[in-house]
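Visitor: Next comes coords31.cif, mmCIF, C-alpha atoms:
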```cif
data_work
loop_
_atom_site.group_PDB
_atom_site.id
_atom_site.type_symbol
_atom_site.label_atom_id
_atom_site.label_comp_id
_atom_site.auth_asym_id
_atom_site.auth_seq_id
_atom_site.Cartn_x
_atom_site.Cartn_y
_atom_site.Cartn_z
ATOM 1 C CA MET A 88 -35.809 23.878 -13.163
ATOM 2 C CA GLY A 89 -32.135 23.037 -12.446
ATOM 3 C CA MET A 90 -31.522 26.556 -11.125
ATOM 4 C CA ARG A 91 -34.550 26.412 -8.830
ATOM 5 C CA MET A 92 -33.440 23.070 -7.420
ATOM 6 C CA GLU A 93 -29.960 24.425 -6.779
ATOM 7 C CA PHE A 94 -31.377 27.526 -5.051
ATOM 8 C CA ALA A 95 -33.804 25.488 -2.971
ATOM 9 C CA PHE A 96 -31.016 23.169 -1.959
ATOM 10 C CA GLY A 97 -28.831 26.114 -1.012
ATOM 11 C CA SER A 98 -31.567 27.742 1.062
ATOM 12 C CA LYS A 99 -32.352 24.461 2.744
ATOM 13 C CA ASN A 100 -28.711 23.915 3.691
ATOM 14 C CA SER A 101 -28.269 27.441 5.029
ATOM 15 C CA SER A 102 -29.338 26.252 8.507
ATOM 16 C CA ILE A 103 -27.590 22.881 8.341
ATOM 17 C CA HIS A 104 -24.441 22.366 10.392
ATOM 18 C CA PHE A 105 -21.748 20.679 8.296
ATOM 19 C CA VAL A 106 -19.425 18.320 10.158
ATOM 20 C CA THR A 107 -15.927 19.511 11.045
ATOM 21 C CA GLU A 108 -14.720 16.137 12.327
ATOM 22 C CA PHE A 109 -15.404 12.420 11.975
ATOM 23 C CA ILE A 110 -15.509 9.601 14.521
ATOM 24 C CA LEU A 111 -13.454 6.521 13.618
ATOM 25 C CA LEU A 112 -14.948 3.604 15.532
ATOM 26 C CA GLY A 113 -12.070 1.218 14.854
ATOM 27 C CA PHE A 114 -12.469 -2.410 15.927
ATOM 28 C CA SER A 115 -14.054 -2.367 19.348
ATOM 29 C CA ASN A 116 -15.486 -0.133 22.064
ATOM 30 C CA GLN A 117 -15.036 -2.698 24.825
ATOM 31 C CA GLY A 118 -12.331 -1.998 27.406
ATOM 32 C CA GLU A 119 -10.763 -5.465 27.406
ATOM 33 C CA MET A 120 -10.827 -5.749 23.622
ATOM 34 C CA GLN A 121 -9.323 -2.278 23.287
ATOM 35 C CA SER A 122 -6.327 -3.335 25.372
ATOM 36 C CA PHE A 123 -5.938 -6.512 23.320
ATOM 37 C CA PHE A 124 -6.106 -4.648 20.004
ATOM 38 C CA PHE A 125 -3.744 -1.934 21.201
ATOM 39 C CA CYS A 126 -1.046 -4.399 22.307
ATOM 40 C CA SER A 127 -1.436 -6.579 19.203
ATOM 41 C CA ILE A 128 -1.336 -3.689 16.726
ATOM 42 C CA LEU A 129 1.553 -1.971 18.566
ATOM 43 C CA ILE A 130 3.642 -5.172 18.398
ATOM 44 C CA LEU A 131 2.708 -5.614 14.729
ATOM 45 C CA TYR A 132 3.726 -2.022 13.985
ATOM 46 C CA LEU A 133 7.066 -2.232 15.790
ATOM 47 C CA LEU A 134 7.938 -5.532 14.094
ATOM 48 C CA THR A 135 7.028 -4.027 10.711
ATOM 49 C CA LEU A 136 9.319 -1.034 11.336
ATOM 50 C CA LEU A 137 12.098 -3.328 12.519
ATOM 51 C CA GLY A 138 11.836 -5.773 9.602
ATOM 52 C CA ASN A 139 11.580 -3.213 6.814
ATOM 53 C CA GLY A 140 14.091 -0.881 8.468
ATOM 54 C CA THR A 141 16.583 -3.742 8.620
ATOM 55 C CA ILE A 142 16.195 -4.373 4.872
ATOM 56 C CA VAL A 143 16.710 -0.654 4.129
ATOM 57 C CA CYS A 144 19.903 -0.621 6.232
ATOM 58 C CA ALA A 145 21.200 -3.861 4.699
ATOM 59 C CA VAL A 146 20.717 -2.564 1.149
ATOM 60 C CA ARG A 147 22.236 0.786 2.082
ATOM 61 C CA TRP A 148 25.366 -0.550 3.788
ATOM 62 C CA ASP A 149 26.196 -3.745 1.877
ATOM 63 C CA GLN A 150 27.947 -2.977 -1.427
ATOM 64 C CA ARG A 151 26.994 -6.417 -2.810
ATOM 65 C CA LEU A 152 23.328 -5.391 -2.699
ATOM 66 C CA HIS A 153 23.838 -2.236 -4.794
ATOM 67 C CA THR A 154 22.168 -3.865 -7.794
ATOM 68 C CA PRO A 155 18.791 -2.923 -9.350
ATOM 69 C CA MET A 156 16.946 -5.864 -7.776
ATOM 70 C CA TYR A 157 17.995 -4.903 -4.250
ATOM 71 C CA ILE A 158 17.720 -1.164 -4.847
ATOM 72 C CA PHE A 159 14.069 -1.790 -5.761
ATOM 73 C CA LEU A 160 13.683 -3.958 -2.663
ATOM 74 C CA GLY A 161 15.245 -1.314 -0.406
ATOM 75 C CA ASN A 162 12.908 1.359 -1.749
ATOM 76 C CA PHE A 163 9.961 -1.008 -1.404
ATOM 77 C CA ALA A 164 10.826 -1.656 2.259
ATOM 78 C CA PHE A 165 11.184 2.107 2.823
ATOM 79 C CA LEU A 166 7.748 2.566 1.223
ATOM 80 C CA GLU A 167 6.245 -0.075 3.520
ATOM 81 C CA ILE A 168 7.462 1.846 6.582
ATOM 82 C CA TRP A 169 5.592 4.970 5.476
ATOM 83 C CA TYR A 170 2.578 2.994 4.258
ATOM 84 C CA VAL A 171 1.974 1.344 7.614
ATOM 85 C CA SER A 172 2.744 4.632 9.403
ATOM 86 C CA SER A 173 -0.048 6.409 7.514
ATOM 87 C CA THR A 174 -2.689 4.496 9.494
ATOM 88 C CA ILE A 175 -1.328 2.565 12.491
ATOM 89 C CA PRO A 176 -0.199 5.459 14.757
ATOM 90 C CA ASN A 177 -3.589 7.155 14.406
ATOM 91 C CA MET A 178 -5.300 3.807 15.016
ATOM 92 C CA LEU A 179 -3.320 3.340 18.250
ATOM 93 C CA VAL A 180 -4.230 6.840 19.435
ATOM 94 C CA ASN A 181 -7.895 6.205 18.616
ATOM 95 C CA ILE A 182 -7.949 2.949 20.589
ATOM 96 C CA LEU A 183 -6.864 4.812 23.727
ATOM 97 C CA SER A 184 -9.026 7.852 23.008
ATOM 98 C CA GLU A 185 -12.547 8.174 24.378
ATOM 99 C CA ASN A 186 -14.027 10.345 21.618
ATOM 100 C CA LYS A 187 -12.079 8.728 18.705
ATOM 101 C CA THR A 188 -12.400 11.857 16.579
ATOM 102 C CA ILE A 189 -10.370 12.966 13.588
ATOM 103 C CA SER A 190 -10.718 16.417 12.035
ATOM 104 C CA PHE A 191 -12.159 16.857 8.549
ATOM 105 C CA SER A 192 -8.816 17.986 7.095
ATOM 106 C CA ALA A 193 -6.830 15.278 8.928
ATOM 107 C CA CYS A 194 -9.244 12.643 7.621
ATOM 108 C CA PHE A 195 -8.706 13.623 3.997
ATOM 109 C CA LEU A 196 -4.965 14.089 4.564
ATOM 110 C CA GLN A 197 -4.802 10.510 5.832
ATOM 111 C CA PHE A 198 -6.934 9.459 2.860
ATOM 112 C CA TYR A 199 -4.414 11.089 0.493
ATOM 113 C CA PHE A 200 -1.264 9.572 1.988
ATOM 114 C CA PHE A 201 -2.795 6.126 2.543
ATOM 115 C CA PHE A 202 -4.007 5.808 -1.052
ATOM 116 C CA SER A 203 -0.978 7.528 -2.599
ATOM 117 C CA LEU A 204 1.401 5.171 -0.804
ATOM 118 C CA GLY A 205 -0.784 2.193 -1.750
ATOM 119 C CA THR A 206 -0.738 3.302 -5.398
ATOM 120 C CA THR A 207 3.036 3.717 -5.239
ATOM 121 C CA GLU A 208 3.264 0.141 -3.951
ATOM 122 C CA CYS A 209 1.300 -1.092 -6.990
ATOM 123 C CA PHE A 210 3.760 0.689 -9.284
ATOM 124 C CA PHE A 211 6.770 -0.670 -7.401
ATOM 125 C CA LEU A 212 5.493 -4.239 -7.654
ATOM 126 C CA SER A 213 5.079 -3.703 -11.391
ATOM 127 C CA ALA A 214 8.608 -2.265 -11.755
ATOM 128 C CA MET A 215 10.071 -5.150 -9.747
ATOM 129 C CA ALA A 216 8.268 -7.648 -11.986
ATOM 130 C CA TYR A 217 9.713 -5.915 -15.067
ATOM 131 C CA ASP A 218 13.178 -6.123 -13.505
ATOM 132 C CA ARG A 219 12.785 -9.892 -13.006
ATOM 133 C CA TYR A 220 11.503 -10.266 -16.572
ATOM 134 C CA LEU A 221 14.625 -8.581 -17.945
ATOM 135 C CA ALA A 222 16.939 -10.583 -15.678
ATOM 136 C CA ILE A 223 15.470 -13.978 -16.646
ATOM 137 C CA CYS A 224 14.146 -13.514 -20.175
ATOM 138 C CA ARG A 225 16.854 -11.171 -21.497
ATOM 139 C CA PRO A 226 19.898 -11.898 -19.332
ATOM 140 C CA LEU A 227 22.459 -10.810 -21.966
ATOM 141 C CA HIS A 228 20.785 -7.419 -22.423
ATOM 142 C CA TYR A 229 19.929 -6.944 -18.735
ATOM 143 C CA PRO A 230 23.105 -4.997 -17.738
ATOM 144 C CA SER A 231 22.739 -2.600 -20.659
ATOM 145 C CA ILE A 232 18.983 -2.027 -20.145
ATOM 146 C CA MET A 233 18.637 -2.018 -16.352
ATOM 147 C CA THR A 234 21.448 0.435 -15.647
ATOM 148 C CA ARG A 235 21.744 2.328 -12.377
ATOM 149 C CA LYS A 236 20.390 5.446 -14.108
ATOM 150 C CA PHE A 237 17.362 3.630 -15.567
ATOM 151 C CA CYS A 238 16.693 1.981 -12.193
ATOM 152 C CA VAL A 239 16.654 5.397 -10.480
ATOM 153 C CA ILE A 240 14.339 6.776 -13.193
ATOM 154 C CA LEU A 241 11.862 3.898 -12.642
ATOM 155 C CA ILE A 242 11.967 4.448 -8.877
ATOM 156 C CA CYS A 243 11.308 8.189 -9.279
ATOM 157 C CA ILE A 244 8.412 7.481 -11.660
ATOM 158 C CA CYS A 245 6.852 5.108 -9.108
ATOM 159 C CA TRP A 246 7.075 7.657 -6.279
ATOM 160 C CA VAL A 247 6.003 10.732 -8.247
ATOM 161 C CA THR A 248 3.167 9.058 -10.181
ATOM 162 C CA GLY A 249 1.856 7.404 -7.037
ATOM 163 C CA PHE A 250 1.456 10.770 -5.328
ATOM 164 C CA LEU A 251 -0.072 12.475 -8.360
ATOM 165 C CA CYS A 252 -2.932 10.017 -8.864
ATOM 166 C CA TYR A 253 -5.290 10.831 -5.994
ATOM 167 C CA PRO A 254 -5.597 14.627 -5.558
ATOM 168 C CA VAL A 255 -8.541 14.858 -8.004
ATOM 169 C CA PRO A 256 -10.656 12.022 -6.460
ATOM 170 C CA ILE A 257 -9.953 13.346 -2.957
ATOM 171 C CA VAL A 258 -10.960 16.892 -3.896
ATOM 172 C CA LEU A 259 -14.201 15.576 -5.470
ATOM 173 C CA ILE A 260 -15.093 13.561 -2.358
ATOM 174 C CA SER A 261 -14.145 16.376 0.034
ATOM 175 C CA GLN A 262 -16.532 18.721 -1.816
ATOM 176 C CA LEU A 263 -19.502 16.482 -1.017
ATOM 177 C CA PRO A 264 -21.809 17.861 1.716
ATOM 178 C CA PHE A 265 -21.311 16.063 5.053
ATOM 179 C CA CYS A 266 -24.024 17.327 7.371
ATOM 180 C CA GLY A 267 -24.266 14.359 9.746
ATOM 181 C CA PRO A 268 -23.996 11.708 11.037
ATOM 182 C CA ASN A 269 -20.215 11.737 11.210
ATOM 183 C CA ILE A 270 -19.471 8.197 12.444
ATOM 184 C CA ILE A 271 -17.147 6.106 10.243
ATOM 185 C CA ASP A 272 -17.284 2.413 11.136
ATOM 186 C CA HIS A 273 -13.647 1.905 10.163
ATOM 187 C CA PHE A 274 -10.135 2.634 11.441
ATOM 188 C CA VAL A 275 -9.127 4.670 8.380
ATOM 189 C CA CYS A 276 -10.784 7.362 6.274
ATOM 190 C CA ASP A 277 -11.912 5.257 3.327
ATOM 191 C CA PRO A 278 -14.026 6.322 0.318
ATOM 192 C CA GLY A 279 -16.749 3.718 0.912
ATOM 193 C CA PRO A 280 -17.785 4.958 4.392
ATOM 194 C CA LEU A 281 -17.303 8.588 3.308
ATOM 195 C CA PHE A 282 -19.709 8.162 0.380
ATOM 196 C CA ALA A 283 -22.211 6.624 2.802
ATOM 197 C CA LEU A 284 -21.999 9.712 5.070
ATOM 198 C CA SER A 285 -22.635 12.213 2.290
ATOM 199 C CA CYS A 286 -25.943 14.062 2.632
ATOM 200 C CA VAL A 287 -26.495 13.924 -1.116
ATOM 201 C CA PRO A 288 -26.043 10.818 -3.295
ATOM 202 C CA ALA A 289 -23.123 11.218 -5.699
ATOM 203 C CA PRO A 290 -23.345 8.271 -8.116
ATOM 204 C CA SER A 291 -21.196 9.932 -10.771
ATOM 205 C CA THR A 292 -18.375 10.704 -8.308
ATOM 206 C CA GLU A 293 -18.689 7.238 -6.803
ATOM 207 C CA LEU A 294 -18.514 5.585 -10.232
ATOM 208 C CA LEU A 295 -15.540 7.761 -11.184
ATOM 209 C CA CYS A 296 -13.658 6.753 -8.031
ATOM 210 C CA TYR A 297 -14.383 3.027 -8.440
ATOM 211 C CA THR A 298 -13.353 3.187 -12.107
ATOM 212 C CA PHE A 299 -10.182 5.047 -11.145
ATOM 213 C CA ASN A 300 -9.398 2.498 -8.406
ATOM 214 C CA SER A 301 -9.898 -0.359 -10.853
ATOM 215 C CA MET A 302 -7.556 1.242 -13.401
ATOM 216 C CA ILE A 303 -4.854 1.803 -10.780
ATOM 217 C CA ILE A 304 -5.178 -1.761 -9.506
ATOM 218 C CA PHE A 305 -5.526 -3.604 -12.815
ATOM 219 C CA GLY A 306 -3.029 -1.530 -14.830
ATOM 220 C CA PRO A 307 0.046 -2.582 -12.804
ATOM 221 C CA PHE A 308 -1.519 -6.003 -12.171
ATOM 222 C CA PHE A 309 -1.689 -6.829 -15.887
ATOM 223 C CA CYS A 310 1.915 -5.631 -16.286
ATOM 224 C CA ILE A 311 2.937 -7.994 -13.468
ATOM 225 C CA LEU A 312 0.861 -10.809 -14.949
ATOM 226 C CA GLY A 313 2.394 -10.294 -18.394
ATOM 227 C CA SER A 314 5.941 -10.144 -16.999
ATOM 228 C CA TYR A 315 5.584 -13.359 -15.009
ATOM 229 C CA THR A 316 3.835 -15.181 -17.842
ATOM 230 C CA LEU A 317 6.931 -14.544 -19.957
ATOM 231 C CA VAL A 318 9.187 -15.402 -17.012
ATOM 232 C CA LEU A 319 7.478 -18.754 -16.388
ATOM 233 C CA ARG A 320 7.610 -19.591 -20.071
ATOM 234 C CA ALA A 321 11.340 -18.851 -20.082
ATOM 235 C CA VAL A 322 11.915 -20.817 -16.867
ATOM 236 C CA PHE A 323 10.266 -23.953 -18.229
ATOM 237 C CA ARG A 324 12.586 -23.784 -21.218
ATOM 238 C CA VAL A 325 15.670 -23.931 -18.995
ATOM 239 C CA PRO A 326 17.194 -27.400 -19.523
ATOM 240 C CA SER A 327 18.762 -27.866 -16.088
ATOM 241 C CA GLY A 328 16.726 -28.417 -12.944
ATOM 242 C CA ALA A 329 19.145 -26.285 -10.926
ATOM 243 C CA GLY A 330 18.568 -23.338 -13.272
ATOM 244 C CA ARG A 331 14.801 -23.639 -12.946
ATOM 245 C CA THR A 332 15.064 -23.831 -9.156
ATOM 246 C CA LYS A 333 17.215 -20.694 -9.032
ATOM 247 C CA ALA A 334 14.814 -18.777 -11.273
ATOM 248 C CA PHE A 335 11.796 -19.857 -9.221
ATOM 249 C CA SER A 336 13.488 -18.915 -5.950
ATOM 250 C CA THR A 337 14.307 -15.481 -7.385
ATOM 251 C CA CYS A 338 10.704 -14.798 -8.432
ATOM 252 C CA GLY A 339 8.785 -16.865 -5.876
ATOM 253 C CA SER A 340 9.023 -14.345 -3.035
ATOM 254 C CA HIS A 341 7.847 -11.512 -5.275
ATOM 255 C CA LEU A 342 4.892 -13.574 -6.487
ATOM 256 C CA VAL A 343 3.846 -14.312 -2.890
ATOM 257 C CA VAL A 344 3.948 -10.581 -2.027
ATOM 258 C CA VAL A 345 1.957 -9.705 -5.163
ATOM 259 C CA SER A 346 -0.659 -12.358 -4.342
ATOM 260 C CA LEU A 347 -1.081 -11.159 -0.751
ATOM 261 C CA PHE A 348 -1.319 -7.484 -1.646
ATOM 262 C CA TYR A 349 -3.447 -7.708 -4.774
ATOM 263 C CA GLY A 350 -5.732 -10.437 -3.457
ATOM 264 C CA THR A 351 -6.962 -8.289 -0.563
ATOM 265 C CA LEU A 352 -6.846 -5.066 -2.593
ATOM 266 C CA MET A 353 -9.189 -6.423 -5.259
ATOM 267 C CA VAL A 354 -11.664 -7.676 -2.675
ATOM 268 C CA MET A 355 -11.755 -4.198 -1.179
ATOM 269 C CA TYR A 356 -11.735 -1.740 -4.058
ATOM 270 C CA VAL A 357 -12.560 -3.338 -7.393
ATOM 271 C CA SER A 358 -16.211 -3.737 -6.416
ATOM 272 C CA PRO A 359 -18.134 -1.017 -4.517
ATOM 273 C CA THR A 360 -17.448 -1.367 -0.795
ATOM 274 C CA SER A 361 -20.991 -0.438 0.166
ATOM 275 C CA GLY A 362 -21.985 -4.059 -0.442
ATOM 276 C CA ASN A 363 -19.422 -5.438 2.022
ATOM 277 C CA PRO A 364 -20.060 -5.605 5.787
ATOM 278 C CA ALA A 365 -18.131 -3.042 7.836
ATOM 279 C CA GLY A 366 -16.351 -5.795 9.785
ATOM 280 C CA MET A 367 -15.110 -7.404 6.576
ATOM 281 C CA GLN A 368 -13.901 -4.037 5.236
ATOM 282 C CA LYS A 369 -11.840 -3.469 8.383
ATOM 283 C CA ILE A 370 -10.301 -6.943 8.391
ATOM 284 C CA VAL A 371 -9.396 -6.846 4.689
ATOM 285 C CA THR A 372 -7.934 -3.330 5.025
ATOM 286 C CA LEU A 373 -5.896 -4.425 8.053
ATOM 287 C CA ILE A 374 -4.476 -7.373 6.079
ATOM 288 C CA TYR A 375 -3.174 -5.390 3.112
ATOM 289 C CA SER A 376 -2.229 -2.229 5.030
ATOM 290 C CA ALA A 377 -0.603 -3.732 8.134
ATOM 291 C CA LEU A 378 -0.142 -7.515 7.936
ATOM 292 C CA THR A 379 1.356 -7.592 4.421
ATOM 293 C CA PRO A 380 4.083 -5.009 5.258
ATOM 294 C CA LEU A 381 4.950 -7.175 8.284
ATOM 295 C CA LEU A 382 5.266 -10.362 6.213
ATOM 296 C CA ASN A 383 7.175 -8.831 3.288
ATOM 297 C CA PRO A 384 10.614 -8.744 5.043
ATOM 298 C CA LEU A 385 10.192 -12.378 6.092
ATOM 299 C CA ILE A 386 9.130 -13.448 2.597
ATOM 300 C CA TYR A 387 12.023 -11.665 0.892
ATOM 301 C CA THR A 388 14.766 -12.663 3.350
ATOM 302 C CA LEU A 389 13.853 -16.312 3.998
ATOM 303 C CA ARG A 390 14.190 -17.204 0.296
ATOM 304 C CA ASN A 391 17.230 -15.057 -0.519
ATOM 305 C CA LYS A 392 20.779 -16.125 0.396
ATOM 306 C CA GLU A 393 22.348 -12.764 -0.471
ATOM 307 C CA MET A 394 19.890 -10.918 1.754
ATOM 308 C CA LYS A 395 20.484 -13.412 4.580
ATOM 309 C CA ASN A 396 24.245 -12.875 4.320
ATOM 310 C CA ALA A 397 23.782 -9.098 4.283
ATOM 311 C CA LEU A 398 21.600 -9.245 7.399
ATOM 312 C CA LYS A 399 24.176 -11.429 9.177
ATOM 313 C CA LYS A 400 26.876 -8.921 8.267
ATOM 314 C CA LEU A 401 24.703 -6.050 9.511
ATOM 315 C CA LEU A 402 24.045 -7.904 12.767
ATOM 316 C CA LYS A 403 27.767 -8.488 13.295
ATOM 317 C CA LEU A 404 28.545 -4.798 12.684
ATOM 318 C CA THR A 405 25.829 -3.774 15.140
ATOM 319 C CA THR A 406 27.159 -6.209 17.762
ATOM 320 C CA ILE A 407 30.751 -4.994 17.353
ATOM 321 C CA GLN A 408 29.710 -1.331 17.662
ATOM 322 C CA ASN A 409 27.768 -2.085 20.841
#
```
Turn the structure described in the file into structure tokens.

Guide:
Amino acid sequence: MGMRMEFAFGSKNSSIHFVTEFILLGFSNQGEMQSFFFCSILILYLLTLLGNGTIVCAVRWDQRLHTPMYIFLGNFAFLEIWYVSSTIPNMLVNILSENKTISFSACFLQFYFFFSLGTTECFFLSAMAYDRYLAICRPLHYPSIMTRKFCVILICICWVTGFLCYPVPIVLISQLPFCGPNIIDHFVCDPGPLFALSCVPAPSTELLCYTFNSMIIFGPFFCILGSYTLVLRAVFRVPSGAGRTKAFSTCGSHLVVVSLFYGTLMVMYVSPTSGNPAGMQKIVTLIYSALTPLLNPLIYTLRNKEMKNALKKLLKLTTIQN
């Protein structure tokens, strides 16, 4: 019976035209709104590149920032530049384009880089939380544990593991039959809309992807939660108020970034996206993929005196050279 069904399905699909491209609707089809979105997103993108690029340069050129905490931060800012660049340039082109199409291969290539970079960000946030745990809870052992070599190893693990997680899910989804329609009511190639466009229901693949997403999100999240539970317990044991304030200021910015990123990420991917309205999916995705990378440089620099001093030094050097 299974063989007959497979043969019948094959013969039925022999005359079906499979899609070679998708249409990304984005946010609006209205002329005035398109101009508004284009200008707003372009400004957001340029400010994100400027803010994160400045942090990368400050960490690179200031010898005082060549410590594990700031090496992690510099890599994180570098990651944010690529993360926002995996979606925003294509979104800007689509806003100005009349047909708003993206090829089948380009769609899944964007899918791969967008999710791989997002996964890498989860791992980096976890590594940064572990670094803060060692610095606050085990300060005497911190220099011997978090050496430059170990810091580089953790950074390499974050990058490599992040890019090795998604090839299998992407291959499984790309093998689904897409025979039309080909309209994705989103600005990025996302698994939820892609599952909805498949000609054949794929509950097992869908469940596998949602389970995989949950593991990737909750695995690093529980590591972060565990690290900061121990950190807070250690901070409250500090006898002096000045010591507690310093510890909170060191960890506060990281906690804000974690809350922003993970809060929106869980809304989007822990539960199946098919139950969320398309407008909500787009807004939530825009927050964690574009707005959070914009806010991260502000969050990290406004609460950090060493980073402020490094940025002032960088600004002076730039002014002198000009």

Visitor: If you count all atoms listed in the file, which residues fall within 8 Å of Met178 in chain A, apart from same-chain ones fewer than 2 positions away, as a PyMOL selection string?

Guide: chain A and resi 113+174-176+180-182+274-275

Visitor: Would you mind listing what lies within 12 Å of Ala321 in chain A as number ranges by chain, with all atoms listed in the file counted and same-chain residues fewer than 3 positions away left out?

Guide: A: 219-226, 314-318, 324-326, 330-331, 334-335

Visitor: Quote the spacing between CA of Val106 in chain A and CA of Pro256 in chain A in Å to one decimal place.

Guide: 19.8 Å

Visitor: What separation in Å, quoted to one decimal, exists between CA of Pro264 in chain A and CA of Ala283 in chain A?

Guide: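 We find that CA of Pro264 in chain A and CA of Ala283 in chain A lie 11.3 Å from each other.
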
Visitor: Between CA of Met233 in chain A and CA of Gly306 in chain A, what is the distance in Å, rounded to a tenth?

Guide: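 Computed distance, CA of Met233 in chain A to CA of Gly306 in chain A, equals 21.7 Å.
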
Visitor: Name the residues that the PyMOL selection byres ((chain A and resi 168) around 8) picks from the file above, as a PyMOL selection string, using the file's chain letters and numbers.

Guide: chain A and resi 135-136+139-140+164-167+169-172+380

Visitor: For C-alpha atoms, I'd like the residues from the last selection saved as a PDB file, in the coordinates of the input.

Guide:
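Output file part_14.pdb is given in full below:
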```pdb
ATOM      1  CA  THR A 135       7.028  -4.027  10.711  1.00  0.00           C
ATOM      2  CA  LEU A 136       9.319  -1.034  11.336  1.00  0.00           C
ATOM      3  CA  ASN A 139      11.580  -3.213   6.814  1.00  0.00           C
ATOM      4  CA  GLY A 140      14.091  -0.881   8.468  1.00  0.00           C
ATOM      5  CA  ALA A 164      10.826  -1.656   2.259  1.00  0.00           C
ATOM      6  CA  PHE A 165      11.184   2.107   2.823  1.00  0.00           C
ATOM      7  CA  LEU A 166       7.748   2.566   1.223  1.00  0.00           C
ATOM      8  CA  GLU A 167       6.245  -0.075   3.520  1.00  0.00           C
ATOM      9  CA  TRP A 169       5.592   4.970   5.476  1.00  0.00           C
ATOM     10  CA  TYR A 170       2.578   2.994   4.258  1.00  0.00           C
ATOM     11  CA  VAL A 171       1.974   1.344   7.614  1.00  0.00           C
ATOM     12  CA  SER A 172       2.744   4.632   9.403  1.00  0.00           C
ATOM     13  CA  PRO A 380       4.083  -5.009   5.258  1.00  0.00           C
TER      14      PRO A 380
END
```
